[in-house]
>>> print(open('protein.pdb').read())   # PDB, C-alpha atoms
ATOM      1  CA  MET H  26       2.319 -24.484 109.404
ATOM      2  CA  ARG H  27       0.854 -22.542 106.515
ATOM      3  CA  CYS H  28      -0.441 -24.566 103.579
ATOM      4  CA  PRO H  29       1.042 -23.353 100.271
ATOM      5  CA  GLU H  30      -2.042 -24.588  98.410
ATOM      6  CA  CYS H  31      -5.008 -23.141 100.334
ATOM      7  CA  LYS H  32      -3.196 -20.831 102.842
ATOM      8  CA  HIS H  33      -4.782 -22.646 105.799
ATOM      9  CA  THR H  34      -2.716 -22.429 108.987
ATOM     10  CA  GLN H  35      -2.477 -25.243 111.504
ATOM     11  CA  LYS H  36      -0.126 -26.485 114.228
ATOM     12  CA  TYR H  37       2.307 -29.345 113.701
ATOM     13  CA  ARG H  38       0.609 -31.492 116.346
ATOM     14  CA  GLU H  39      -2.584 -31.373 114.255
ATOM     15  CA  GLY H  40      -0.935 -33.593 111.659
ATOM     16  CA  THR H  41       1.244 -33.346 108.563
ATOM     17  CA  ARG H  42      -1.689 -33.046 106.194
ATOM     18  CA  CYS H  43      -3.622 -29.842 105.718
ATOM     19  CA  LYS H  44      -6.980 -30.106 107.485
ATOM     20  CA  LYS H  45      -8.613 -28.065 104.734
ATOM     21  CA  CYS H  46      -7.249 -29.358 101.407
ATOM     22  CA  GLY H  47      -5.214 -32.460 102.306
ATOM     23  CA  TYR H  48      -1.826 -31.090 101.183
ATOM     24  CA  ARG H  49       1.029 -33.169 102.695
ATOM     25  CA  PHE H  50       3.581 -31.022 104.516
ATOM     26  CA  VAL H  51       7.205 -31.966 103.895
ATOM     27  CA  PHE H  52       9.147 -29.683 106.235
ATOM     28  CA  ARG H  53       9.083 -28.785 109.887
ATOM     29  CA  LYS H  54      10.668 -25.392 110.418
ATOM     30  CA  SER H  55      12.254 -26.235 113.769
ATOM     31  CA  ALA H  56      14.084 -29.214 112.230
ATOM     32  CA  ASP H  57      14.614 -28.150 108.604
ATOM     33  CA  GLY H  58      14.940 -24.383 108.917
ATOM     34  CA  ILE H  59      12.343 -23.828 106.211
ATOM     35  CA  THR H  60       8.616 -24.247 105.619
ATOM     36  CA  ASP H  61       6.715 -25.594 102.634
ATOM     37  CA  SER H  62       5.253 -22.142 102.010
ATOM     38  CA  ALA H  63       8.683 -20.498 102.042
ATOM     39  CA  LEU H  64      10.062 -22.988  99.527
ATOM     40  CA  ARG H  65       7.013 -22.548  97.301
ATOM     41  CA  GLN H  66       7.622 -18.779  97.294
ATOM     42  CA  MET H  67      11.245 -19.351  96.266
ATOM     43  CA  ILE H  68      10.087 -21.576  93.426
ATOM     44  CA  GLN H  69       7.671 -18.870  92.295
ATOM     45  CA  ARG H  70      10.429 -16.245  92.298
ATOM     46  CA  LEU H  71      13.007 -18.377  90.498
ATOM     47  CA  SER H  72      10.530 -19.572  87.884
ATOM     48  CA  ASP H  73       8.927 -16.152  87.396
ATOM     49  CA  SER H  74       5.570 -17.665  88.390
ATOM     50  CA  GLY H  75       6.093 -20.832  86.398
ATOM     51  CA  GLN H  76       7.511 -19.219  83.254
ATOM     52  CA  GLN H  77      11.114 -20.403  83.583
ATOM     53  CA  ALA H  78      12.919 -23.638  84.428
ATOM     54  CA  PHE H  79      15.739 -23.679  86.982
ATOM     55  CA  THR H  80      18.305 -26.164  88.267
ATOM     56  CA  ALA H  81      18.445 -27.801  91.690
ATOM     57  CA  THR H  82      21.641 -25.836  92.329
ATOM     58  CA  GLN H  83      19.818 -22.558  91.792
ATOM     59  CA  LEU H  84      17.014 -23.538  94.166
ATOM     60  CA  ALA H  85      19.372 -24.913  96.833
ATOM     61  CA  LEU H  86      21.414 -21.703  96.778
ATOM     62  CA  GLU H  87      18.201 -19.696  97.100
ATOM     63  CA  ILE H  88      17.509 -21.630 100.315
ATOM     64  CA  CYS H  89      21.060 -20.944 101.536
ATOM     65  CA  ARG H  90      20.635 -17.216 100.891
ATOM     66  CA  SER H  91      17.429 -17.167 102.931
ATOM     67  CA  TRP H  92      19.304 -18.768 105.833
ATOM     68  CA  ARG H  93      22.067 -16.176 105.518
ATOM     69  CA  LYS H  94      19.564 -13.324 105.671
ATOM     70  CA  LYS H  95      18.112 -14.689 108.892
ATOM     71  CA  LYS H  96      21.570 -15.057 110.427
ATOM     72  CA  GLY H  97      22.370 -11.521 109.307
ATOM     73  CA  ALA H  98      19.293 -10.183 111.114
ATOM     74  CA  PHE H  99      20.346 -12.080 114.248
ATOM     75  CA  ILE H 100      23.831 -10.623 114.093
ATOM     76  CA  GLY H 101      22.443  -7.116 113.595
ATOM     77  CA  CYS H 102      20.320  -7.397 116.735
ATOM     78  CA  GLY H 103      23.261  -8.880 118.584
ATOM     79  CA  VAL H 104      25.509  -5.979 117.682
ATOM     80  CA  VAL H 105      23.013  -3.557 119.208
ATOM     81  CA  VAL H 106      22.960  -5.591 122.407
ATOM     82  CA  VAL H 107      26.761  -5.695 122.569
ATOM     83  CA  VAL H 108      27.049  -1.934 122.030
ATOM     84  CA  VAL H 109      24.569  -1.291 124.851
ATOM     85  CA  ALA H 110      26.483  -3.659 127.129
ATOM     86  CA  LEU H 111      29.733  -1.910 126.248
ATOM     87  CA  LEU H 112      28.290   1.510 127.074
ATOM     88  CA  ILE H 113      26.989   0.208 130.402
ATOM     89  CA  GLY H 114      30.361  -1.322 131.210
ATOM     90  CA  LEU H 115      32.250   1.852 130.327
ATOM     91  CA  GLY H 116      29.810   3.951 132.298
ATOM     92  CA  HIS H 117      30.317   1.948 135.465
ATOM     93  CA  HIS H 118      34.005   1.124 134.943
ATOM     94  CA  THR H 119      33.383  -2.325 136.341
ATOM     95  CA  LEU H 120      34.809  -5.725 135.586
ATOM     96  CA  LEU H 121      31.237  -6.922 135.434
ATOM     97  CA  GLY H 122      30.547  -4.645 132.478
ATOM     98  CA  ALA H 123      33.647  -5.897 130.668
ATOM     99  CA  ALA H 124      32.660  -9.501 131.367
ATOM    100  CA  VAL H 125      29.154  -8.909 130.025
ATOM    101  CA  PHE H 126      30.617  -7.328 126.897
ATOM    102  CA  LEU H 127      32.946 -10.287 126.338
ATOM    103  CA  VAL H 128      30.229 -12.905 126.866
ATOM    104  CA  LEU H 129      27.821 -11.158 124.502
ATOM    105  CA  SER H 130      30.501 -10.694 121.862
ATOM    106  CA  ILE H 131      31.259 -14.402 121.520
ATOM    107  CA  PRO H 132      27.969 -15.448 119.846
ATOM    108  CA  ILE H 133      28.166 -12.426 117.529
ATOM    109  CA  ILE H 134      31.628 -13.445 116.344
ATOM    110  CA  VAL H 135      30.531 -17.068 115.954
ATOM    111  CA  GLY H 136      27.418 -15.962 114.062
ATOM    112  CA  TRP H 137      29.479 -13.793 111.714
ATOM    113  CA  TRP H 138      31.794 -16.721 111.007
ATOM    114  CA  ARG H 139      28.896 -19.049 110.306
ATOM    115  CA  ARG H 140      27.458 -16.566 107.821
ATOM    116  CA  ARG H 141      30.470 -17.320 105.633
ATOM    117  CA  ARG H 142      29.378 -20.944 105.426
ATOM    118  CA  ILE H 143      27.052 -22.228 102.723
ATOM    119  CA  PRO H 144      25.146 -25.326 103.922
ATOM    120  CA  PHE H 145      24.596 -26.381 100.317
ATOM    121  CA  HIS H 146      24.492 -30.120 100.990
ATOM    122  CA  LYS H 147      21.665 -29.682 103.506
ATOM    123  CA  ALA H 148      19.726 -27.395 101.162
ATOM    124  CA  ARG H 149      20.206 -29.791  98.252
ATOM    125  CA  LYS H 150      18.727 -32.645 100.296
ATOM    126  CA  LEU H 151      15.699 -30.472 101.107
ATOM    127  CA  VAL H 152      15.126 -29.856  97.399
ATOM    128  CA  ASP H 153      15.212 -33.610  96.724
ATOM    129  CA  ARG H 154      12.802 -34.323  99.602
ATOM    130  CA  TYR H 155      10.285 -31.784  98.380
ATOM    131  CA  HIS H 156      10.585 -32.878  94.742
ATOM    132  CA  GLN H 157       9.881 -36.489  95.725
ATOM    133  CA  ALA H 158       6.747 -35.490  97.642
ATOM    134  CA  HIS H 159       5.508 -32.737  95.316
ATOM    135  CA  ARG H 160       6.971 -32.749  91.835
ATOM    136  CA  ILE H 161       8.540 -29.396  90.982
ATOM    137  CA  THR H 162       7.572 -29.037  87.339
ATOM    138  CA  GLU H 163       9.955 -26.104  86.795
ATOM    139  CA  LEU H 164      12.968 -28.122  87.992
ATOM    140  CA  ALA H 165      15.474 -28.954  85.245
ATOM    141  CA  ASP H 166      16.915 -32.347  86.170
ATOM    142  CA  GLY H 167      18.677 -33.568  83.035
ATOM    143  CA  GLN H 168      15.877 -35.983  82.123
ATOM    144  CA  ALA H 169      13.566 -33.856  79.953
ATOM    145  CA  PHE H 170      15.001 -35.058  76.622
ATOM    146  CA  ARG H 171      16.343 -38.447  77.730
ATOM    147  CA  GLN H 172      13.704 -40.497  75.911
ATOM    148  CA  GLN H 173      13.411 -38.334  72.813
ATOM    149  CA  THR H 174      15.007 -39.927  69.753
ATOM    150  CA  ALA H 175      13.647 -37.833  66.883
ATOM    151  CA  PRO H 176      16.473 -36.502  64.679
ATOM    152  CA  ALA H 177      17.160 -32.792  64.902
ATOM    153  CA  ASN H 178      17.257 -30.964  61.565
ATOM    154  CA  LEU H 179      19.824 -28.242  62.167
ATOM    155  CA  GLU H 180      19.964 -27.499  58.431
ATOM    156  CA  ASP H 181      16.486 -25.967  58.553
ATOM    157  CA  PRO H 182      17.079 -22.214  58.029
ATOM    158  CA  GLN H 183      14.590 -21.479  60.796
ATOM    159  CA  TYR H 184      16.598 -23.479  63.379
ATOM    160  CA  ALA H 185      20.121 -23.547  61.931
ATOM    161  CA  PRO H 186      22.486 -22.600  64.796
ATOM    162  CA  GLU H 187      25.141 -19.944  64.628
ATOM    163  CA  ARG H 188      27.134 -21.746  67.294
ATOM    164  CA  ILE H 189      27.234 -24.876  69.462
ATOM    165  CA  LEU H 190      27.349 -24.558  73.242
ATOM    166  CA  VAL H 191      28.766 -27.407  75.336
ATOM    167  CA  VAL H 192      27.950 -27.343  79.064
ATOM    168  CA  GLU H 193      29.257 -29.516  81.898
ATOM    169  CA  ARG H 194      25.990 -30.927  83.220
ATOM    170  CA  ASP H 195      22.838 -32.415  81.714
ATOM    171  CA  ASP H 196      20.529 -30.358  83.930
ATOM    172  CA  LEU H 197      22.019 -27.155  82.489
ATOM    173  CA  VAL H 198      21.009 -28.385  79.024
ATOM    174  CA  ASP H 199      17.429 -28.825  80.216
ATOM    175  CA  MET H 200      17.380 -25.418  81.860
ATOM    176  CA  LEU H 201      18.661 -23.642  78.745
ATOM    177  CA  ILE H 202      16.467 -25.489  76.252
ATOM    178  CA  ARG H 203      13.303 -25.297  78.357
ATOM    179  CA  ASN H 204      13.898 -21.550  78.633
ATOM    180  CA  ARG H 205      14.286 -21.387  74.827
ATOM    181  CA  PHE H 206      17.862 -20.118  74.954
ATOM    182  CA  HIS H 207      18.668 -22.243  71.892
ATOM    183  CA  LEU H 208      16.031 -20.411  69.837
ATOM    184  CA  SER H 209      16.500 -16.858  71.100
ATOM    185  CA  HIS H 210      20.289 -17.039  70.570
ATOM    186  CA  LYS H 211      20.425 -19.541  67.664
ATOM    187  CA  THR H 212      22.596 -21.901  69.680
ATOM    188  CA  ALA H 213      22.594 -25.706  69.711
ATOM    189  CA  VAL H 214      23.047 -26.822  73.325
ATOM    190  CA  VAL H 215      24.548 -30.168  74.375
ATOM    191  CA  SER H 216      26.292 -31.457  77.477
ATOM    192  CA  ARG H 217      29.820 -32.693  77.849
ATOM    193  CA  SER H 218      28.418 -36.258  77.949
ATOM    194  CA  GLY H 219      26.607 -35.803  74.612
ATOM    195  CA  TYR H 220      23.105 -35.196  75.984
ATOM    196  CA  PRO H 221      20.644 -35.066  74.291
ATOM    197  CA  ALA H 222      22.026 -37.843  72.084
ATOM    198  CA  TRP H 223      19.970 -36.864  69.028
ATOM    199  CA  VAL H 224      21.126 -33.229  69.253
ATOM    200  CA  PHE H 225      24.721 -34.373  69.694
ATOM    201  CA  ALA H 226      24.463 -36.471  66.530
ATOM    202  CA  ALA H 227      22.916 -33.557  64.640
ATOM    203  CA  CYS H 228      25.716 -31.227  65.818
ATOM    204  CA  ARG H 229      28.316 -33.686  64.546
ATOM    205  CA  ASP H 230      26.716 -33.729  61.104
ATOM    206  CA  PHE H 231      26.151 -29.975  61.083
ATOM    207  CA  LEU H 232      29.780 -29.222  61.930
ATOM    208  CA  ARG H 233      30.927 -31.541  59.183
ATOM    209  CA  ASN H 234      28.940 -29.447  56.673
ATOM    210  CA  HIS H 235      29.703 -26.116  58.361
ATOM    211  CA  PRO H 236      33.247 -26.448  59.763
ATOM    212  CA  ASP H 237      33.535 -22.759  60.685
ATOM    213  CA  THR H 238      30.758 -22.957  63.287
ATOM    214  CA  PRO H 239      32.208 -22.054  66.714
ATOM    215  CA  VAL H 240      31.881 -24.599  69.535
ATOM    216  CA  GLN H 241      31.864 -22.788  72.876
ATOM    217  CA  VAL H 242      32.526 -24.608  76.161
ATOM    218  CA  LEU H 243      30.745 -23.402  79.307
ATOM    219  CA  HIS H 244      32.064 -24.602  82.657
ATOM    220  CA  ASP H 245      32.202 -23.861  86.372
ATOM    221  CA  ALA H 246      35.089 -22.112  88.049
ATOM    222  CA  SER H 247      36.858 -25.264  89.208
ATOM    223  CA  ALA H 248      39.998 -27.279  88.662
ATOM    224  CA  THR H 249      38.076 -29.697  86.447
ATOM    225  CA  GLY H 250      36.213 -26.916  84.653
ATOM    226  CA  PHE H 251      39.409 -25.149  83.626
ATOM    227  CA  VAL H 252      40.634 -28.247  81.769
ATOM    228  CA  LEU H 253      37.295 -29.187  80.205
ATOM    229  CA  THR H 254      38.132 -27.717  76.794
ATOM    230  CA  ALA H 255      41.418 -29.651  76.672
ATOM    231  CA  GLN H 256      39.636 -32.849  77.738
ATOM    232  CA  LEU H 257      37.067 -32.465  74.970
ATOM    233  CA  ALA H 258      39.814 -31.864  72.425
ATOM    234  CA  ALA H 259      41.423 -35.167  73.452
ATOM    235  CA  ASP H 260      38.132 -37.104  73.583
ATOM    236  CA  PRO H 261      37.534 -39.312  70.495
ATOM    237  CA  ASN H 262      33.774 -38.647  70.776
ATOM    238  CA  TRP H 263      34.445 -34.939  70.281
ATOM    239  CA  GLN H 264      37.061 -35.261  67.569
ATOM    240  CA  PHE H 265      34.704 -33.627  65.060
ATOM    241  CA  ALA H 266      34.800 -30.377  67.104
ATOM    242  CA  ARG H 267      38.470 -30.398  68.071
ATOM    243  CA  GLN H 268      39.510 -27.492  65.860
ATOM    244  CA  ARG H 269      36.575 -25.248  66.783
ATOM    245  CA  LEU H 270      36.557 -25.417  70.617
ATOM    246  CA  THR H 271      36.700 -22.119  72.499
ATOM    247  CA  ASP H 272      36.526 -21.652  76.271
ATOM    248  CA  LEU H 273      33.504 -19.637  77.411
ATOM    249  CA  GLY H 274      33.469 -20.722  81.068
ATOM    250  CA  ILE H 275      34.336 -18.763  84.172
ATOM    251  CA  SER H 276      38.054 -18.066  83.766
ATOM    252  CA  ARG H 277      40.750 -17.795  86.430
ATOM    253  CA  ALA H 278      41.128 -14.113  85.567
ATOM    254  CA  ALA H 279      37.428 -13.502  86.245
ATOM    255  CA  LEU H 280      37.910 -14.671  89.844
ATOM    256  CA  ASP H 281      40.473 -12.009  90.718
ATOM    257  CA  GLY H 282      37.979  -9.235  91.419
ATOM    258  CA  GLY H 283      38.423  -9.505  95.183
ATOM    259  CA  SER H 284      34.727 -10.202  95.822
ATOM    260  CA  SER H 285      33.347 -13.070  97.874
ATOM    261  CA  LEU H 286      31.893 -15.794  95.692
ATOM    262  CA  PRO H 287      29.867 -18.889  96.641
ATOM    263  CA  TRP H 288      32.353 -21.758  96.515
ATOM    264  CA  LEU H 289      30.508 -25.057  96.710
ATOM    265  CA  PRO H 290      32.011 -28.398  97.755
ATOM    266  CA  PRO H 291      32.679 -31.149  95.186
ATOM    267  CA  GLU H 292      29.555 -32.822  93.807
ATOM    268  CA  ALA H 293      29.601 -35.877  96.094
ATOM    269  CA  SER H 294      30.845 -34.092  99.225
ATOM    270  CA  ARG H 295      28.779 -33.385 102.334
ATOM    271  CA  ARG H 296      30.971 -30.464 103.360
ATOM    272  CA  ASP H 297      29.617 -26.952 103.622
ATOM    273  CA  GLY H 298      30.377 -24.436 100.933
ATOM    274  CA  ALA H 299      31.946 -21.072 101.720
ATOM    275  CA  LEU H 300      31.799 -17.441 100.685
ATOM    276  CA  SER H 301      35.372 -16.508  99.887
ATOM    277  CA  ALA H 302      37.446 -13.954  97.993
ATOM    278  CA  ASP H 303      40.450 -16.306  97.931
ATOM    279  CA  PRO H 304      40.020 -18.366  94.728
ATOM    280  CA  ALA H 305      43.453 -20.010  94.973
ATOM    281  CA  LYS H 306      42.639 -21.451  98.397
ATOM    282  CA  MET H 307      39.190 -22.610  97.300
ATOM    283  CA  LEU H 308      40.511 -24.268  94.139
ATOM    284  CA  ARG H 309      43.167 -26.120  96.138
ATOM    285  CA  ALA H 310      40.374 -27.440  98.365
ATOM    286  CA  GLY H 311      38.533 -28.784  95.310
ATOM    287  CA  ARG H 312      35.684 -26.280  95.531
ATOM    288  CA  ARG H 313      33.801 -24.726  92.623
ATOM    289  CA  VAL H 314      31.705 -21.719  91.671
ATOM    290  CA  PRO H 315      28.906 -23.127  89.478
ATOM    291  CA  VAL H 316      27.813 -21.122  86.455
ATOM    292  CA  ASP H 317      24.236 -21.402  87.748
ATOM    293  CA  TYR H 318      24.884 -19.729  91.099
ATOM    294  CA  ILE H 319      22.474 -16.994  90.013
ATOM    295  CA  GLY H 320      18.835 -17.318  88.972
ATOM    296  CA  PRO H 321      17.649 -18.285  85.469
ATOM    297  CA  LYS H 322      16.805 -14.801  84.227
ATOM    298  CA  PRO H 323      20.157 -13.077  84.952
ATOM    299  CA  LEU H 324      22.047 -16.195  83.864
ATOM    300  CA  LEU H 325      20.269 -16.335  80.515
ATOM    301  CA  ASN H 326      20.916 -12.641  79.913
ATOM    302  CA  LEU H 327      24.568 -12.937  80.936
ATOM    303  CA  LEU H 328      25.098 -16.051  78.843
ATOM    304  CA  GLY H 329      23.382 -14.436  75.867
ATOM    305  CA  ALA H 330      25.973 -11.654  75.966
ATOM    306  CA  ALA H 331      28.756 -14.171  76.523
ATOM    307  CA  VAL H 332      28.091 -16.328  73.452
ATOM    308  CA  VAL H 333      28.295 -13.182  71.315
ATOM    309  CA  GLY H 334      31.174 -11.504  73.140
ATOM    310  CA  GLY H 335      33.150 -14.671  73.749
ATOM    311  CA  ALA H 336      33.602 -14.371  77.525
ATOM    312  CA  LEU H 337      31.541 -15.055  80.623
ATOM    313  CA  LEU H 338      32.228 -12.193  83.014
ATOM    314  CA  LEU H 339      31.695 -11.904  86.758
ATOM    315  CA  THR H 340      30.699  -8.243  86.943
ATOM    316  CA  PRO H 341      30.604  -6.329  90.263
ATOM    317  CA  GLU H 342      26.843  -5.953  89.833
ATOM    318  CA  LEU H 343      26.487  -9.706  89.511
ATOM    319  CA  VAL H 344      28.530 -10.382  92.655
ATOM    320  CA  ASN H 345      26.512  -7.800  94.582
ATOM    321  CA  ALA H 346      23.301  -9.435  93.397
ATOM    322  CA  VAL H 347      24.452 -12.725  94.886
ATOM    323  CA  GLU H 348      25.317 -11.049  98.193
ATOM    324  CA  THR H 349      21.957  -9.261  98.485
ATOM    325  CA  GLY H 350      19.757 -11.869  96.828
ATOM    326  CA  VAL H 351      18.627  -9.364  94.180
ATOM    327  CA  GLU H 352      18.289 -10.552  90.598
ATOM    328  CA  ILE H 353      19.420  -8.117  87.918
ATOM    329  CA  ASP H 354      18.349  -7.829  84.315
ATOM    330  CA  TYR H 355      21.144  -7.537  81.748
ATOM    331  CA  GLY H 356      18.672  -7.195  78.884
TER     332      GLY H 356
END
>>> encode(input="protein.pdb", output="structure tokens")
Amino acid sequence: MRCPECKHTQKYREGTRCKKCGYRFVFRKSADGITDSALRQMIQRLSDSGQQAFTATQLALEICRSWRKKKGAFIGCGVVVVVVALLIGLGHHTLLGAAVFLVLSIPIIVGWWRRRRIPFHKARKLVDRYHQAHRITELADGQAFRQQTAPANLEDPQYAPERILVVERDDLVDMLIRNRFHLSHKTAVVSRSGYPAWVFAACRDFLRNHPDTPVQVLHDASATGFVLTAQLAADPNWQFARQRLTDLGISRAALDGGSSLPWLPPEASRRDGALSADPAKMLRAGRRVPVDYIGPKPLLNLLGAAVVGGALLLTPELVNAVETGVEIDYG
């Protein structure tokens, strides 16, 4: 085990605390498939060395992508072995060669199939375990503005929003506000539940005085996400915004590009997610593509263009970035 704090290396049997600095190790690679140092590196990448906040979904998917890369390397080596076995079998024209080829092909096929799976539930539990042992300060958890009660003055010319953005989850609010999206794009950000309460109240008053302000709704690609705008329009708590609601979330049309997307299970499910290019099948199964399936930086850039252009697009470059684990800059 390599200590993420002091870089000291020690064996698991030497204890779960670093002999040099006392850091408490959380993971055992043989059981968890990840080390403390590896997770710390992912946190550094996602946060741009502590400069940006990210959601638990973004970190859990980063873990899943690292697992996929390792499986991909295993499959690549396996293919070489199978090809060699096939050449040997063809060269000798023996049943033994054919049998060897068949036996070696089975784990390659199984490995390829498993690469389509996204063990999101397992990765999400690892994030929670680490956060409980070592607080991840960059993690947006929907609690950052829970206790704040100071009124927001949206009438101040310096902070007056040009639009209101409604997102599905509280942690997305934290991620956007902590990354100053509300200031850089002059956008008041609240969740579907009205979090933060003081911002929600200020938005209600602001829209009463400025009724032409657009209210954009950001949601996942999911059966519930697609009806979120209609639900808000029928919700008495959102009656003040009923006439100004516009859908900014991932649309059904945006899913028809034929590319594999990370479809996660429902929030409370322990099922694996799946990479799939069949949105109809995934939606019938209750799965979802979260808007935060990419890292903070590309998401903020993409969303910045979306609030101005009026549509959140799944571009080919974005899909390829998910497949390769590369983050792209839309700035």
>>> closest_residue(input="protein.pdb", among="H:Lys322, H:Arg70, H:Arg160, H:Arg38", to="Met200 (chain H)", atoms="all atoms listed in the file")
H:Lys322
>>> resolve_selection(input="protein.pdb", expression="the PyMOL selection byres ((chain H and resi 50) around 9)", output="PDB file with C-alpha atoms, keeping the file's coordinate frame")
ATOM      1  CA  MET H  26       2.319 -24.484 109.404  1.00  0.00           C
ATOM      2  CA  CYS H  28      -0.441 -24.566 103.579  1.00  0.00           C
ATOM      3  CA  GLY H  40      -0.935 -33.593 111.659  1.00  0.00           C
ATOM      4  CA  THR H  41       1.244 -33.346 108.563  1.00  0.00           C
ATOM      5  CA  ARG H  42      -1.689 -33.046 106.194  1.00  0.00           C
ATOM      6  CA  CYS H  43      -3.622 -29.842 105.718  1.00  0.00           C
ATOM      7  CA  TYR H  48      -1.826 -31.090 101.183  1.00  0.00           C
ATOM      8  CA  ARG H  49       1.029 -33.169 102.695  1.00  0.00           C
ATOM      9  CA  VAL H  51       7.205 -31.966 103.895  1.00  0.00           C
ATOM     10  CA  PHE H  52       9.147 -29.683 106.235  1.00  0.00           C
ATOM     11  CA  ARG H  53       9.083 -28.785 109.887  1.00  0.00           C
ATOM     12  CA  THR H  60       8.616 -24.247 105.619  1.00  0.00           C
ATOM     13  CA  ASP H  61       6.715 -25.594 102.634  1.00  0.00           C
ATOM     14  CA  ALA H 158       6.747 -35.490  97.642  1.00  0.00           C
TER      15      ALA H 158
END
>>> resolve_selection(input="protein.pdb", expression="the PyMOL selection byres ((chain H and resi 289-306) around 10)", output="ChimeraX atom specification")
/H:82,86,89,139-147,246-247,277,280-288,307-315,318,348
>>> write_last_selection(input="protein.pdb", atoms="C-alpha atoms", output="JSON list (two decimals), in the frame of the given file")
[["chain", "number", "residue", "atom", "x", "y", "z"],
["H", 82, "THR", "CA", 21.64, -25.84, 92.33],
["H", 86, "LEU", "CA", 21.41, -21.70, 96.78],
["H", 89, "CYS", "CA", 21.06, -20.94, 101.54],
["H", 139, "ARG", "CA", 28.90, -19.05, 110.31],
["H", 140, "ARG", "CA", 27.46, -16.57, 107.82],
["H", 141, "ARG", "CA", 30.47, -17.32, 105.63],
["H", 142, "ARG", "CA", 29.38, -20.94, 105.43],
["H", 143, "ILE", "CA", 27.05, -22.23, 102.72],
["H", 144, "PRO", "CA", 25.15, -25.33, 103.92],
["H", 145, "PHE", "CA", 24.60, -26.38, 100.32],
["H", 146, "HIS", "CA", 24.49, -30.12, 100.99],
["H", 147, "LYS", "CA", 21.66, -29.68, 103.51],
["H", 246, "ALA", "CA", 35.09, -22.11, 88.05],
["H", 247, "SER", "CA", 36.86, -25.26, 89.21],
["H", 277, "ARG", "CA", 40.75, -17.80, 86.43],
["H", 280, "LEU", "CA", 37.91, -14.67, 89.84],
["H", 281, "ASP", "CA", 40.47, -12.01, 90.72],
["H", 282, "GLY", "CA", 37.98, -9.24, 91.42],
["H", 283, "GLY", "CA", 38.42, -9.51, 95.18],
["H", 284, "SER", "CA", 34.73, -10.20, 95.82],
["H", 285, "SER", "CA", 33.35, -13.07, 97.87],
["H", 286, "LEU", "CA", 31.89, -15.79, 95.69],
["H", 287, "PRO", "CA", 29.87, -18.89, 96.64],
["H", 288, "TRP", "CA", 32.35, -21.76, 96.52],
["H", 307, "MET", "CA", 39.19, -22.61, 97.30],
["H", 308, "LEU", "CA", 40.51, -24.27, 94.14],
["H", 309, "ARG", "CA", 43.17, -26.12, 96.14],
["H", 310, "ALA", "CA", 40.37, -27.44, 98.36],
["H", 311, "GLY", "CA", 38.53, -28.78, 95.31],
["H", 312, "ARG", "CA", 35.68, -26.28, 95.53],
["H", 313, "ARG", "CA", 33.80, -24.73, 92.62],
["H", 314, "VAL", "CA", 31.70, -21.72, 91.67],
["H", 315, "PRO", "CA", 28.91, -23.13, 89.48],
["H", 318, "TYR", "CA", 24.88, -19.73, 91.10],
["H", 348, "GLU", "CA", 25.32, -11.05, 98.19]]
>>> closest_residue(input="protein.pdb", among="H:Tyr37, H:Val242, H:Ala279, H:Ile319", to="Glu87 (chain H)", atoms="all atoms listed in the file")
H:Ile319
>>> resolve_selection(input="protein.pdb", expression="the PyMOL selection byres ((chain H and resi 76) around 12)", output="ChimeraX atom specification")
/H:68-75,77-79,162-164,200,203-205,321-322
>>> write_last_selection(input="protein.pdb", atoms="C-alpha atoms", output="mmCIF file, in the coordinates of the input")
data_model
loop_
_atom_site.group_PDB
_atom_site.id
_atom_site.type_symbol
_atom_site.label_atom_id
_atom_site.label_comp_id
_atom_site.auth_asym_id
_atom_site.auth_seq_id
_atom_site.Cartn_x
_atom_site.Cartn_y
_atom_site.Cartn_z
ATOM 1 C CA ILE H 68 10.087 -21.576 93.426
ATOM 2 C CA GLN H 69 7.671 -18.870 92.295
ATOM 3 C CA ARG H 70 10.429 -16.245 92.298
ATOM 4 C CA LEU H 71 13.007 -18.377 90.498
ATOM 5 C CA SER H 72 10.530 -19.572 87.884
ATOM 6 C CA ASP H 73 8.927 -16.152 87.396
ATOM 7 C CA SER H 74 5.570 -17.665 88.390
ATOM 8 C CA GLY H 75 6.093 -20.832 86.398
ATOM 9 C CA GLN H 77 11.114 -20.403 83.583
ATOM 10 C CA ALA H 78 12.919 -23.638 84.428
ATOM 11 C CA PHE H 79 15.739 -23.679 86.982
ATOM 12 C CA THR H 162 7.572 -29.037 87.339
ATOM 13 C CA GLU H 163 9.955 -26.104 86.795
ATOM 14 C CA LEU H 164 12.968 -28.122 87.992
ATOM 15 C CA MET H 200 17.380 -25.418 81.860
ATOM 16 C CA ARG H 203 13.303 -25.297 78.357
ATOM 17 C CA ASN H 204 13.898 -21.550 78.633
ATOM 18 C CA ARG H 205 14.286 -21.387 74.827
ATOM 19 C CA PRO H 321 17.649 -18.285 85.469
ATOM 20 C CA LYS H 322 16.805 -14.801 84.227
#
>>> closest_residue(input="protein.pdb", among="H:Arg194, H:Lys95, H:His210, H:Arg269", to="Leu243 (chain H)", atoms="all atoms listed in the file")
H:Arg194
>>> atom_distance(input="protein.pdb", atom1="CA of Gly329 (chain H)", atom2="CA of Ala148 (chain H)")
28.7 Å
>>> closest_atom_pairs(input="protein.pdb", of="region 240-279 of chain H", to="region 224-232 of chain H", cutoff="10 Å", atoms="only C-alpha atoms", output="tab-separated table")
residue	atom	partner	partner_atom	distance
H:Val240	CA	H:Leu232	CA	9.1
H:Asn262	CA	H:Arg229	CA	9.7
H:Trp263	CA	H:Arg229	CA	8.5
H:Gln264	CA	H:Arg229	CA	9.4
H:Phe265	CA	H:Arg229	CA	6.4
H:Ala266	CA	H:Leu232	CA	7.3
H:Arg269	CA	H:Leu232	CA	9.2
>>> atom_distance(input="protein.pdb", atom1="CA of Lys44 (chain H)", atom2="CA of Leu84 (chain H)")
28.2 Å
